[in-house]
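Participant: What follows is target.txt, compact mmCIF, C-alpha atoms.
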```txt
# COMPACT_ATOMS: atom_id res chain seq x y z
CA MET A 1 -188.33 -98.38 318.76
CA TRP A 2 -189.95 -95.02 318.10
CA ASN A 3 -188.87 -93.76 321.53
CA ARG A 4 -185.27 -94.76 320.83
CA ARG A 5 -185.41 -93.01 317.48
CA LYS A 6 -186.90 -89.90 319.00
CA HIS A 7 -184.28 -89.95 321.72
CA LEU A 8 -181.50 -90.15 319.16
CA LEU A 9 -183.01 -87.33 317.13
CA LEU A 10 -183.33 -85.16 320.18
CA SER A 11 -179.80 -85.95 321.29
CA SER A 12 -178.30 -85.19 317.92
CA LEU A 13 -180.15 -81.93 317.52
CA SER A 14 -179.20 -80.85 321.02
CA LEU A 15 -175.64 -81.66 320.15
CA LEU A 16 -175.86 -79.41 317.12
CA ARG A 17 -177.16 -76.54 319.19
CA HIS A 18 -174.36 -77.20 321.67
CA ILE A 19 -171.77 -77.07 318.92
CA SER A 20 -173.05 -73.89 317.37
CA SER A 21 -172.93 -72.15 320.74
CA THR A 22 -169.39 -73.23 321.53
CA SER A 23 -166.35 -72.86 319.35
CA HIS A 24 -164.67 -76.19 320.03
CA LEU A 25 -165.98 -79.61 319.08
CA PRO A 26 -167.13 -82.20 321.57
CA ARG A 27 -165.76 -85.70 321.89
CA LEU A 28 -168.38 -88.16 320.87
CA HIS A 29 -168.98 -91.82 321.25
CA PRO A 30 -171.56 -93.18 318.82
CA LEU A 31 -173.39 -95.44 321.24
CA LYS A 32 -173.42 -93.22 324.28
CA PRO A 33 -174.74 -89.81 323.41
CA SER A 34 -176.74 -89.42 326.61
CA PRO A 35 -173.98 -88.84 329.20
CA LEU A 36 -172.61 -85.94 327.16
CA LEU A 37 -175.83 -84.18 326.40
CA SER A 38 -178.81 -83.19 328.46
CA PRO A 39 -181.98 -84.26 326.78
CA SER A 40 -183.91 -81.31 325.59
CA ASN A 41 -187.26 -80.68 327.22
CA SER A 42 -188.81 -78.82 324.38
CA PHE A 43 -190.69 -80.73 321.79
CA LEU A 44 -188.82 -80.76 318.53
CA PRO A 45 -190.53 -81.16 315.21
CA PRO A 46 -189.74 -84.44 313.46
CA VAL A 47 -186.73 -84.10 311.22
CA ASP A 48 -186.79 -85.96 307.95
CA SER A 49 -184.09 -88.58 307.60
CA GLN A 50 -182.29 -86.82 304.73
CA LEU A 51 -181.80 -83.65 306.77
CA ARG A 52 -180.83 -85.63 309.84
CA ASN A 53 -178.22 -87.60 307.92
CA ASN A 54 -176.81 -84.44 306.39
CA LEU A 55 -176.58 -82.73 309.76
CA LEU A 56 -174.93 -85.70 311.38
CA LEU A 57 -172.46 -86.32 308.61
CA GLU A 58 -171.16 -82.79 308.88
CA LEU A 59 -170.16 -83.31 312.51
CA PRO A 60 -166.45 -84.07 312.68
CA LEU A 61 -166.32 -86.77 315.28
CA ARG A 62 -163.14 -87.20 317.23
CA GLY A 63 -161.90 -89.71 319.75
CA PHE A 64 -163.27 -92.51 317.72
CA PRO A 65 -162.18 -96.09 318.07
CA ARG A 66 -160.16 -96.31 314.89
CA ASN A 67 -160.73 -99.77 313.58
CA LEU A 68 -160.96 -101.48 310.24
CA SER A 69 -164.28 -99.84 309.51
CA SER A 70 -163.58 -96.27 310.53
CA SER A 71 -165.81 -95.12 307.68
CA ASN A 72 -168.83 -96.28 309.72
CA SER A 73 -168.13 -93.73 312.41
CA CYS A 74 -171.40 -91.90 311.88
CA SER A 75 -173.58 -94.40 310.03
CA PHE A 76 -177.22 -94.45 310.87
CA CYS A 77 -179.79 -96.75 309.31
CA TRP A 78 -181.84 -94.71 306.82
CA ASN A 79 -184.88 -96.76 307.72
CA CYS A 80 -185.00 -96.98 311.50
CA GLY A 81 -182.28 -94.61 312.62
CA VAL A 82 -180.33 -97.16 314.64
CA VAL A 83 -176.58 -96.55 314.72
CA GLY A 84 -174.43 -98.83 312.61
CA PRO A 85 -171.91 -101.17 314.22
CA THR A 86 -168.58 -99.87 315.52
CA SER A 87 -166.78 -102.92 314.19
CA GLY A 88 -167.50 -104.68 310.94
CA VAL A 89 -169.13 -103.13 307.90
CA PHE A 90 -172.59 -101.63 307.72
CA LEU A 91 -174.19 -103.22 304.68
CA ALA A 92 -177.51 -104.14 306.24
CA CYS A 93 -179.09 -102.84 309.43
CA GLY A 94 -178.78 -105.19 312.37
CA SER A 95 -182.02 -103.89 313.82
CA CYS A 96 -184.55 -103.63 311.01
CA GLY A 97 -182.68 -105.54 308.28
CA ALA A 98 -182.83 -102.71 305.77
CA VAL A 99 -180.10 -102.85 303.12
CA GLN A 100 -177.89 -99.79 303.32
CA PRO A 101 -176.54 -97.72 300.41
CA VAL A 102 -173.08 -98.64 299.12
CA ASP A 103 -170.22 -96.90 300.90
CA ALA A 104 -167.42 -96.84 298.35
CA SER A 105 -164.81 -96.16 301.00
CA VAL A 106 -165.35 -99.64 302.41
CA ASP A 107 -162.89 -101.90 300.64
CA TYR A 108 -163.32 -105.56 299.73
CA PHE A 109 -161.21 -106.83 302.62
CA GLN A 110 -163.39 -104.97 305.09
CA ILE A 111 -166.51 -106.52 303.58
CA PHE A 112 -165.08 -109.96 304.32
CA GLY A 113 -163.69 -108.92 307.67
CA MET A 114 -160.16 -109.79 306.59
CA LYS A 115 -156.84 -108.03 306.97
CA LYS A 116 -155.45 -106.28 303.92
CA ILE A 117 -152.90 -108.96 303.17
CA TYR A 118 -152.31 -111.30 300.28
CA GLU A 119 -152.31 -114.53 302.26
CA ILE A 120 -155.97 -114.58 303.31
CA GLU A 121 -157.95 -117.70 304.21
CA GLU A 122 -159.46 -118.48 300.82
CA GLY A 123 -161.62 -121.21 302.33
CA ASP A 124 -163.45 -118.70 304.53
CA LEU A 125 -164.50 -116.54 301.61
CA GLU A 126 -167.40 -118.63 300.40
CA GLY A 127 -169.09 -118.90 303.79
CA ILE A 128 -168.91 -115.17 304.44
CA TYR A 129 -170.08 -114.46 300.90
CA LYS A 130 -173.16 -116.63 301.32
CA ASP A 131 -173.93 -115.08 304.69
CA TRP A 132 -173.92 -111.64 303.12
CA GLN A 133 -176.11 -112.71 300.24
CA LYS A 134 -178.67 -114.04 302.73
CA LYS A 135 -179.06 -110.46 303.89
CA LEU A 136 -178.48 -108.50 300.69
CA HIS A 137 -179.79 -110.48 297.77
CA PRO A 138 -182.21 -108.50 295.58
CA ASP A 139 -184.75 -111.37 295.75
CA LEU A 140 -185.19 -110.62 299.46
CA VAL A 141 -186.31 -107.07 298.84
CA HIS A 142 -188.93 -108.02 296.31
CA SER A 143 -191.71 -106.30 298.19
CA LYS A 144 -189.72 -103.38 299.57
CA SER A 145 -189.41 -99.82 298.31
CA GLU A 146 -187.69 -98.90 295.04
CA LYS A 147 -185.02 -97.20 297.09
CA GLU A 148 -184.22 -100.32 299.05
CA LYS A 149 -184.37 -102.48 295.91
CA GLY A 150 -181.77 -100.18 294.39
CA PHE A 151 -179.54 -100.43 297.48
CA ALA A 152 -179.86 -104.23 297.49
CA ALA A 153 -178.92 -104.51 293.81
CA GLU A 154 -175.81 -102.34 294.25
CA GLN A 155 -174.75 -103.75 297.60
CA SER A 156 -175.20 -107.34 296.43
CA ALA A 157 -173.24 -106.64 293.23
CA ARG A 158 -170.42 -105.09 295.27
CA VAL A 159 -170.20 -108.16 297.49
CA ILE A 160 -170.03 -110.38 294.40
CA ASP A 161 -167.22 -108.24 292.97
CA ALA A 162 -165.43 -108.41 296.30
CA TYR A 163 -165.77 -112.19 296.45
CA ARG A 164 -164.49 -112.72 292.91
CA THR A 165 -161.61 -110.31 293.32
CA LEU A 166 -160.43 -111.82 296.59
CA LYS A 167 -160.88 -115.43 295.54
CA ASN A 168 -158.53 -115.29 292.56
CA PRO A 169 -154.90 -114.78 293.66
CA LEU A 170 -153.94 -112.58 290.72
CA SER A 171 -156.95 -110.26 291.01
CA ARG A 172 -156.37 -110.11 294.77
CA ALA A 173 -152.75 -109.13 294.17
CA LEU A 174 -153.74 -106.43 291.67
CA TYR A 175 -156.43 -105.15 294.06
CA LEU A 176 -153.90 -104.89 296.88
CA LEU A 177 -151.61 -102.87 294.62
CA LYS A 178 -154.54 -100.66 293.69
CA LEU A 179 -155.32 -100.02 297.37
CA GLU A 180 -151.70 -98.99 297.81
CA GLN A 181 -152.21 -96.53 294.96
CA ILE A 182 -149.64 -98.31 292.82
CA HIS A 183 -150.50 -97.42 289.27
CA VAL A 184 -149.58 -100.03 286.68
CA ASP A 185 -149.30 -98.70 283.15
CA GLU A 186 -151.47 -101.15 281.28
CA GLU A 187 -150.41 -100.01 277.84
CA LYS A 188 -146.71 -100.51 278.29
CA THR A 189 -145.12 -103.26 276.23
CA VAL A 190 -142.34 -105.39 277.63
CA SER A 191 -139.43 -106.77 275.72
CA ASP A 192 -137.65 -108.86 278.32
CA PRO A 193 -136.41 -111.61 276.02
CA ASP A 194 -136.13 -114.36 278.62
CA LEU A 195 -139.63 -113.80 279.97
CA LEU A 196 -141.18 -113.58 276.52
CA MET A 197 -139.30 -116.59 275.15
CA GLU A 198 -140.52 -118.64 278.07
CA MET A 199 -144.10 -117.52 277.53
CA MET A 200 -143.90 -118.06 273.79
CA GLU A 201 -142.58 -121.58 274.22
CA MET A 202 -145.21 -122.29 276.85
CA ARG A 203 -148.06 -121.15 274.61
CA GLU A 204 -146.61 -123.05 271.66
CA ALA A 205 -146.43 -126.20 273.78
CA VAL A 206 -150.07 -125.78 274.71
CA GLU A 207 -151.04 -125.31 271.10
CA GLU A 208 -149.09 -128.31 269.91
CA ALA A 209 -150.16 -130.65 272.73
CA LYS A 210 -151.93 -133.56 271.13
CA ASP A 211 -153.56 -135.35 274.02
CA THR A 212 -155.04 -134.82 277.45
CA GLN A 213 -152.05 -136.28 279.22
CA SER A 214 -149.53 -133.85 277.77
CA LEU A 215 -151.93 -130.97 278.45
CA ASN A 216 -152.27 -132.07 282.07
CA GLU A 217 -148.49 -132.22 282.39
CA ILE A 218 -148.12 -128.71 281.04
CA GLN A 219 -150.96 -127.57 283.29
CA SER A 220 -149.29 -128.84 286.45
CA LYS A 221 -145.97 -127.24 285.44
CA VAL A 222 -147.64 -123.90 284.84
CA LYS A 223 -149.57 -124.14 288.11
CA LYS A 224 -146.32 -124.71 289.98
CA LYS A 225 -144.79 -121.65 288.38
CA LEU A 226 -147.88 -119.62 289.20
CA ASP A 227 -147.65 -120.73 292.84
CA SER A 228 -144.00 -119.84 293.13
CA TRP A 229 -144.50 -116.39 291.61
CA SER A 230 -147.52 -115.97 293.85
CA LYS A 231 -145.23 -116.55 296.85
CA SER A 232 -142.73 -114.09 295.40
CA PHE A 233 -145.48 -111.52 295.15
CA LYS A 234 -146.38 -112.04 298.79
CA GLU A 235 -142.78 -111.50 299.87
CA ALA A 236 -142.26 -108.49 297.67
CA PHE A 237 -145.53 -106.91 298.73
CA ASN A 238 -144.89 -107.46 302.42
CA LYS A 239 -141.50 -105.83 302.03
CA GLN A 240 -143.24 -103.02 300.16
CA ASP A 241 -141.03 -103.71 297.16
CA PHE A 242 -143.77 -102.67 294.77
CA GLY A 243 -141.59 -102.79 291.66
CA SER A 244 -140.94 -106.50 292.12
CA ALA A 245 -144.53 -107.04 293.19
CA VAL A 246 -145.77 -105.63 289.89
CA ASN A 247 -143.30 -107.85 288.01
CA CYS A 248 -144.70 -110.86 289.81
CA THR A 249 -148.25 -109.97 288.85
CA GLN A 250 -147.21 -109.63 285.20
CA ARG A 251 -145.75 -113.10 285.21
CA MET A 252 -148.78 -114.44 287.00
CA LYS A 253 -150.96 -112.95 284.28
CA TYR A 254 -149.05 -114.82 281.59
CA TYR A 255 -149.35 -118.09 283.47
CA GLU A 256 -153.04 -117.54 284.02
CA ARG A 257 -153.55 -116.94 280.30
CA ALA A 258 -151.77 -120.18 279.55
CA LEU A 259 -153.95 -122.01 282.06
CA GLU A 260 -157.05 -120.53 280.42
CA GLU A 261 -155.91 -121.84 277.04
CA ILE A 262 -155.25 -125.27 278.50
CA THR A 263 -158.68 -125.34 280.09
CA LYS A 264 -160.25 -124.46 276.76
CA LYS A 265 -158.45 -127.32 275.09
CA LEU A 266 -159.20 -129.89 277.74
CA MET B 1 -165.31 -122.78 268.90
CA LEU B 2 -162.26 -120.65 269.44
CA ARG B 3 -163.83 -117.80 267.52
CA LEU B 4 -166.93 -117.97 269.68
CA ALA B 5 -164.84 -118.15 272.81
CA LEU B 6 -162.87 -115.18 271.55
CA LYS B 7 -166.01 -113.11 270.95
CA ARG B 8 -167.55 -114.21 274.23
CA SER B 9 -164.45 -113.44 276.23
CA LEU B 10 -164.07 -110.01 274.69
CA ARG B 11 -167.81 -109.35 274.86
CA LEU B 12 -167.76 -107.95 271.36
CA GLY B 13 -170.52 -108.57 268.90
CA PRO B 14 -174.17 -108.95 269.83
CA ALA B 15 -174.68 -112.64 270.65
CA VAL B 16 -172.59 -115.74 270.76
CA SER B 17 -174.90 -117.60 268.40
CA ASP B 18 -174.58 -115.02 265.59
CA THR B 19 -172.84 -116.10 262.43
CA PRO B 20 -169.60 -114.26 261.64
CA SER B 21 -171.18 -112.28 258.81
CA ALA B 22 -174.02 -111.08 261.05
CA ALA B 23 -171.54 -110.12 263.75
CA VAL B 24 -169.51 -108.17 261.23
CA ALA B 25 -172.57 -106.34 259.97
CA SER B 26 -173.62 -105.20 263.46
CA ARG B 27 -171.29 -103.62 265.98
CA GLY B 28 -168.47 -106.04 266.58
CA TYR B 29 -165.07 -106.78 265.11
CA HIS B 30 -164.35 -104.87 261.94
CA GLU B 31 -164.48 -107.08 258.86
CA ARG B 32 -160.73 -106.61 258.28
CA VAL B 33 -159.97 -107.97 261.72
CA VAL B 34 -162.22 -110.96 261.12
CA ASP B 35 -160.56 -111.46 257.72
CA HIS B 36 -157.08 -111.47 259.24
CA TYR B 37 -158.25 -113.81 261.94
CA ASN B 38 -159.84 -116.26 259.50
CA ASN B 39 -157.18 -115.94 256.78
CA PRO B 40 -154.01 -114.98 258.57
CA ARG B 41 -151.21 -113.97 256.31
CA ASN B 42 -147.58 -114.84 256.99
CA VAL B 43 -148.01 -117.01 260.07
CA GLY B 44 -144.83 -118.92 260.71
CA SER B 45 -141.25 -118.85 261.85
CA PHE B 46 -137.87 -118.18 260.34
CA ASP B 47 -134.64 -119.58 261.66
CA LYS B 48 -133.70 -117.27 264.48
CA GLU B 49 -130.00 -117.95 264.02
CA ASP B 50 -130.03 -116.92 260.37
CA ALA B 51 -127.90 -113.81 259.91
CA ASN B 52 -130.47 -112.23 257.64
CA VAL B 53 -133.35 -112.65 260.08
CA GLY B 54 -134.37 -110.09 262.65
CA THR B 55 -136.67 -111.26 265.43
CA GLY B 56 -138.86 -108.91 267.41
CA LEU B 57 -140.41 -110.37 270.55
CA VAL B 58 -142.78 -108.15 272.52
CA GLY B 59 -145.44 -108.66 275.13
CA ALA B 60 -148.32 -106.83 276.74
CA PRO B 61 -148.38 -107.91 280.36
CA ALA B 62 -151.76 -106.34 281.06
CA CYS B 63 -153.50 -108.90 278.89
CA GLY B 64 -150.82 -111.59 278.77
CA ASP B 65 -150.24 -111.26 275.00
CA VAL B 66 -147.03 -112.32 273.26
CA MET B 67 -146.11 -111.27 269.75
CA LYS B 68 -143.19 -112.45 267.64
CA LEU B 69 -142.49 -110.72 264.35
CA GLN B 70 -139.61 -111.80 262.12
CA ILE B 71 -138.14 -110.10 259.06
CA LYS B 72 -135.86 -111.47 256.41
CA VAL B 73 -133.59 -108.79 255.05
CA ASP B 74 -131.62 -108.72 251.82
CA GLU B 75 -128.21 -107.63 253.10
CA ASP B 76 -127.18 -105.90 249.91
CA SER B 77 -130.20 -103.69 249.44
CA GLY B 78 -131.37 -103.45 253.04
CA LYS B 79 -134.84 -104.36 251.83
CA ILE B 80 -137.19 -106.59 253.77
CA VAL B 81 -137.92 -109.47 251.45
CA ASP B 82 -140.09 -111.58 253.73
CA ALA B 83 -141.84 -111.39 257.08
CA CYS B 84 -143.74 -113.71 259.34
CA PHE B 85 -145.39 -113.55 262.73
CA LYS B 86 -146.68 -115.62 265.60
CA THR B 87 -149.03 -114.02 268.08
CA PHE B 88 -150.79 -115.35 271.14
CA GLY B 89 -153.50 -112.93 272.03
CA CYS B 90 -156.82 -111.46 271.04
CA GLY B 91 -158.16 -111.07 267.49
CA SER B 92 -157.03 -107.46 267.36
CA ALA B 93 -153.48 -108.39 268.32
CA ILE B 94 -153.37 -111.16 265.74
CA ALA B 95 -154.78 -108.87 263.04
CA SER B 96 -152.37 -106.06 263.96
CA SER B 97 -149.32 -108.30 263.62
CA SER B 98 -150.68 -109.80 260.41
CA VAL B 99 -151.10 -106.33 258.92
CA ALA B 100 -147.62 -105.40 260.12
CA THR B 101 -146.03 -108.32 258.26
CA GLU B 102 -147.90 -107.35 255.11
CA TRP B 103 -146.82 -103.74 255.30
CA VAL B 104 -143.13 -104.35 255.95
CA LYS B 105 -142.63 -106.63 252.97
CA GLY B 106 -140.75 -104.97 250.15
CA LYS B 107 -139.84 -101.91 252.19
CA GLN B 108 -136.53 -100.55 253.39
CA MET B 109 -135.73 -100.96 257.05
CA GLU B 110 -135.62 -97.24 257.72
CA GLU B 111 -139.03 -96.93 256.09
CA VAL B 112 -140.75 -99.53 258.27
CA LEU B 113 -139.58 -97.75 261.38
CA THR B 114 -141.98 -94.98 260.44
CA ILE B 115 -145.03 -97.26 260.53
CA LYS B 116 -147.20 -95.92 263.30
CA ASN B 117 -149.63 -97.86 265.48
CA THR B 118 -152.30 -95.30 264.67
CA GLU B 119 -152.13 -96.28 260.99
CA ILE B 120 -152.58 -99.95 261.84
CA ALA B 121 -155.43 -99.11 264.21
CA LYS B 122 -157.12 -96.98 261.57
CA HIS B 123 -156.77 -99.70 258.95
CA LEU B 124 -158.44 -102.19 261.25
CA SER B 125 -160.88 -99.72 262.82
CA LEU B 126 -159.72 -100.78 266.26
CA PRO B 127 -161.78 -99.48 269.18
CA PRO B 128 -159.95 -97.41 271.83
CA VAL B 129 -159.74 -100.36 274.22
CA LYS B 130 -157.71 -102.30 271.58
CA LEU B 131 -155.31 -99.55 270.59
CA HIS B 132 -152.56 -101.15 272.65
CA CYS B 133 -152.64 -104.14 270.27
CA SER B 134 -151.55 -101.93 267.40
CA MET B 135 -148.89 -100.42 269.67
CA LEU B 136 -147.62 -103.92 270.28
CA ALA B 137 -147.32 -104.46 266.51
CA GLU B 138 -145.39 -101.20 266.05
CA ASP B 139 -143.03 -102.20 268.86
CA ALA B 140 -142.59 -105.64 267.31
CA ILE B 141 -141.50 -104.11 263.98
CA LYS B 142 -138.99 -101.86 265.73
CA ALA B 143 -137.69 -104.75 267.83
CA ALA B 144 -137.20 -106.92 264.74
CA VAL B 145 -135.24 -104.20 262.95
CA LYS B 146 -133.14 -103.54 266.05
CA ASP B 147 -132.39 -107.24 266.40
CA TYR B 148 -131.26 -107.48 262.77
CA GLU B 149 -128.99 -104.46 263.13
CA LEU B 150 -127.48 -105.81 266.33
CA LYS B 151 -126.78 -109.11 264.59
CA LYS B 152 -125.23 -107.31 261.66
CA ALA B 153 -123.03 -105.25 263.95
CA LYS B 154 -121.88 -108.37 265.79
CA GLY B 155 -121.34 -110.24 262.53
CA ALA B 156 -119.27 -107.53 260.81
CA PRO B 157 -116.09 -107.74 262.96
CA LYS B 158 -115.87 -111.48 262.26
CA GLN B 159 -115.84 -110.90 258.53
CA GLU B 160 -112.90 -108.48 258.66
```
What do you get writing this file as structure tokens?
Facilitator:
Amino acid sequence: MWNRRKHLLLSSLSLLRHISSTSHLPRLHPLKPSPLLSPSNSFLPPVDSQLRNNLLLELPLRGFPRNLSSSNSCSFCWNCGVVGPTSGVFLACGSCGAVQPVDASVDYFQIFGMKKIYEIEEGDLEGIYKDWQKKLHPDLVHSKSEKEKGFAAEQSARVIDAYRTLKNPLSRALYLLKLEQIHVDEEKTVSDPDLLMEMMEMREAVEEAKDTQSLNEIQSKVKKKLDSWSKSFKEAFNKQDFGSAVNCTQRMKYYERALEEITKKL
Amino acid sequence: MLRLALKRSLRLGPAVSDTPSAAVASRGYHERVVDHYNNPRNVGSFDKEDANVGTGLVGAPACGDVMKLQIKVDEDSGKIVDACFKTFGCGSAIASSSVATEWVKGKQMEEVLTIKNTEIAKHLSLPPVKLHCSMLAEDAIKAAVKDYELKKAKGAPKQE
């Protein structure tokens, strides 16, 4: 392992020297540095990981396989120096198991290896979530360094956020809009009379419901409406009709509130 | 139970098990908000079809709140003689609409249009995150007045 690390260090430093001597930038492939560079014969002093990471991150790397996780293009494990994967996200090192620092450019869909669409496989979420926690949970780094404990706490928390956001249809919808940079003005009041009358009557019905049966009836009606507006959101979003998409999420919010109230009463 | 759920869901106040007075004393809902929540004034409904009633219905989609504020106007003097509200939302929204109904009573319609959300927020010491609740109340007042005036305008041609 030390030889591989040393080889990588040598290769990267040689690359740097190569770049500084030429004006144009080389094409690089993360896993095959050797064919492009001649290994240096001179003994190089060990470079500390911080400096190495800084040097490497400043290299603009072109000709990269642009995939879902293009942000990993020059990720190296801070612990053992092994290159991160070309596909999939780099949350924990595949070689030494060290938890990596949070990369905020990786979005929640990438963490779960899913496409950025509304109609994801909700059933798959839990399995993937548990798999990640087996690698990232803070309890697993009990005896590790403070640095790694910190990474584990943040990385694990991010995966939890991702799981919760993607699991709930409304939060998933709002997250998708956020990724599309659609800004929803949270403070704006609406005065659409039909929408509000419907919501008012719905909430009144919940409040006045006297028994479990009537509450269950209301609950199933509201769930149906939520489902149909959820489908409308999907269609609007896929057509990139963001105005309608936002409308759908607003309605969904109202229905979710009603469902919360029903749950409290039940 | 609802009160506790309210506090828990809004994460205001130190601990769920605290009594209301303790929660009020420490950082939490302002005592006026708690008062309006426990002793709401003017909850109810007027007949929407009544010519002297203006109904303002507003909503805040971000939190799923709905607020209905109704005013009963004396058509000769243009004074608001009675007001009531019905709000589904957080404690701050309920308190804001309650305060609004108290403040509009006995005032002229033009006067109530000048009620600002900042005054309501100040009265209730609302935190920044709850300012939109007072905005909702201000919009509800304006909507109620507008509704009454629309009704009056529609009604007038019939009388001639």
Participant: For chain B, which residues have at least one atom within 6 Å of chain A, if we go by all atoms listed in the file? Write them as an mmCIF file with C-alpha atoms, keeping the file's coordinate frame, please.
Facilitator:
```cif
data_model
loop_
_atom_site.group_PDB
_atom_site.id
_atom_site.type_symbol
_atom_site.label_atom_id
_atom_site.label_comp_id
_atom_site.auth_asym_id
_atom_site.auth_seq_id
_atom_site.Cartn_x
_atom_site.Cartn_y
_atom_site.Cartn_z
ATOM 1 C CA VAL B 58 -142.780 -108.150 272.520
ATOM 2 C CA GLY B 59 -145.440 -108.660 275.130
ATOM 3 C CA ALA B 60 -148.320 -106.830 276.740
ATOM 4 C CA PRO B 61 -148.380 -107.910 280.360
ATOM 5 C CA ALA B 62 -151.760 -106.340 281.060
ATOM 6 C CA GLY B 64 -150.820 -111.590 278.770
ATOM 7 C CA HIS B 132 -152.560 -101.150 272.650
#
```
Participant: For a test of reading the model, state the distance in Å between atom CA of His36 of chain B and atom CA of Ala93 of chain B, rounded to one decimal.
Facilitator: 10.2 Å
Participant: Given the point (-129.2, -106.6, 257.6) in the file's coordinates, find the residues that have an atom at most 10 Å from it, counting all atoms listed in the file, and give them as a PyMOL selection string.
Facilitator: chain B and resi 51-54+71-80+109+145-153+155
Participant: How far is it from atom CA of Lys144 of chain A to atom CA of Arg164 of chain A, in Å with one decimal?
Facilitator: 27.7 Å
Participant: Just the residues within 8 Å of Phe46 of chain B, please, counting only C-alpha atoms, with nothing from its chain fewer than 2 positions along; format it as a ChimeraX atom specification.
Facilitator: /B:44,48,50,53,70,84
Participant: As number ranges by chain, please: the residues near segment 112-127 of chain B (cut-off 12 Å, only C-alpha atoms, same-chain neighbours under 3 positions excluded).
Facilitator: B: 12, 27-37, 71, 78-80, 83, 91-109, 130-146
Participant: My list of candidates is A:Leu215, A:Ala236, A:Ile262, A:Ala92. Which is closest to Glu148 of chain A when distances are computed with all atoms listed in the file?
Facilitator: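 Among the listed residues, the smallest separation from Glu148 of chain A belongs to A:Ala92.
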Participant: Quick check, in Å to one decimal: how far apart do atom CA of Lys239 of chain A and atom CA of Phe109 of chain A lie?
Facilitator: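 Pair atom CA of Lys239 of chain A / atom CA of Phe109 of chain A returns 19.7 Å.
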Participant: Env of Gly84 of chain A: 6 Å cut, atoms = all atoms listed in the file, seq-sep filter 5 positions within chain, self excluded. Answer as a short mmCIF file (atom, residue, chain, number, x, y, z; two decimals) with C-alpha atoms, keeping the file's coordinate frame.
Facilitator:
```cif
data_model
loop_
_atom_site.label_atom_id
_atom_site.label_comp_id
_atom_site.auth_asym_id
_atom_site.auth_seq_id
_atom_site.Cartn_x
_atom_site.Cartn_y
_atom_site.Cartn_z
CA SER A 75 -173.58 -94.40 310.03
CA PHE A 76 -177.22 -94.45 310.87
CA PHE A 90 -172.59 -101.63 307.72
#
```
Participant: The residues within 12 Å of (-187.1, -93.5, 297.4), using all atoms listed in the file and the coordinates of the file, should be reported as a PyMOL selection string; which are they?
Facilitator: chain A and resi 49-50+78-79+101+144-151
Participant: Neighbouring residues of Leu266 of chain A were defined as those with any atom within 12 Å, considering all atoms listed in the file; residues of the same chain fewer than 5 positions away were excluded. Please report them as number ranges by chain.
Facilitator: A: 206-207, 209-219, 259-261
Participant: Any chance you could export the current selection's C-alpha atoms as a PDB file, in the frame of the given file?
Facilitator:
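Writing done, so here's part_26.pdb:
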```pdb
ATOM      1  CA  VAL A 206    -150.070-125.780 274.710  1.00  0.00           C
ATOM      2  CA  GLU A 207    -151.040-125.310 271.100  1.00  0.00           C
ATOM      3  CA  ALA A 209    -150.160-130.650 272.730  1.00  0.00           C
ATOM      4  CA  LYS A 210    -151.930-133.560 271.130  1.00  0.00           C
ATOM      5  CA  ASP A 211    -153.560-135.350 274.020  1.00  0.00           C
ATOM      6  CA  THR A 212    -155.040-134.820 277.450  1.00  0.00           C
ATOM      7  CA  GLN A 213    -152.050-136.280 279.220  1.00  0.00           C
ATOM      8  CA  SER A 214    -149.530-133.850 277.770  1.00  0.00           C
ATOM      9  CA  LEU A 215    -151.930-130.970 278.450  1.00  0.00           C
ATOM     10  CA  ASN A 216    -152.270-132.070 282.070  1.00  0.00           C
ATOM     11  CA  GLU A 217    -148.490-132.220 282.390  1.00  0.00           C
ATOM     12  CA  ILE A 218    -148.120-128.710 281.040  1.00  0.00           C
ATOM     13  CA  GLN A 219    -150.960-127.570 283.290  1.00  0.00           C
ATOM     14  CA  LEU A 259    -153.950-122.010 282.060  1.00  0.00           C
ATOM     15  CA  GLU A 260    -157.050-120.530 280.420  1.00  0.00           C
ATOM     16  CA  GLU A 261    -155.910-121.840 277.040  1.00  0.00           C
TER      17      GLU A 261
END
```
Participant: Of the candidates A:Ser228, A:Gln133, A:Ser220, A:Asn168, which shows the shortest atom-to-atom distance to Tyr118 of chain A, using all atoms listed in the file?
Facilitator: A:Asn168
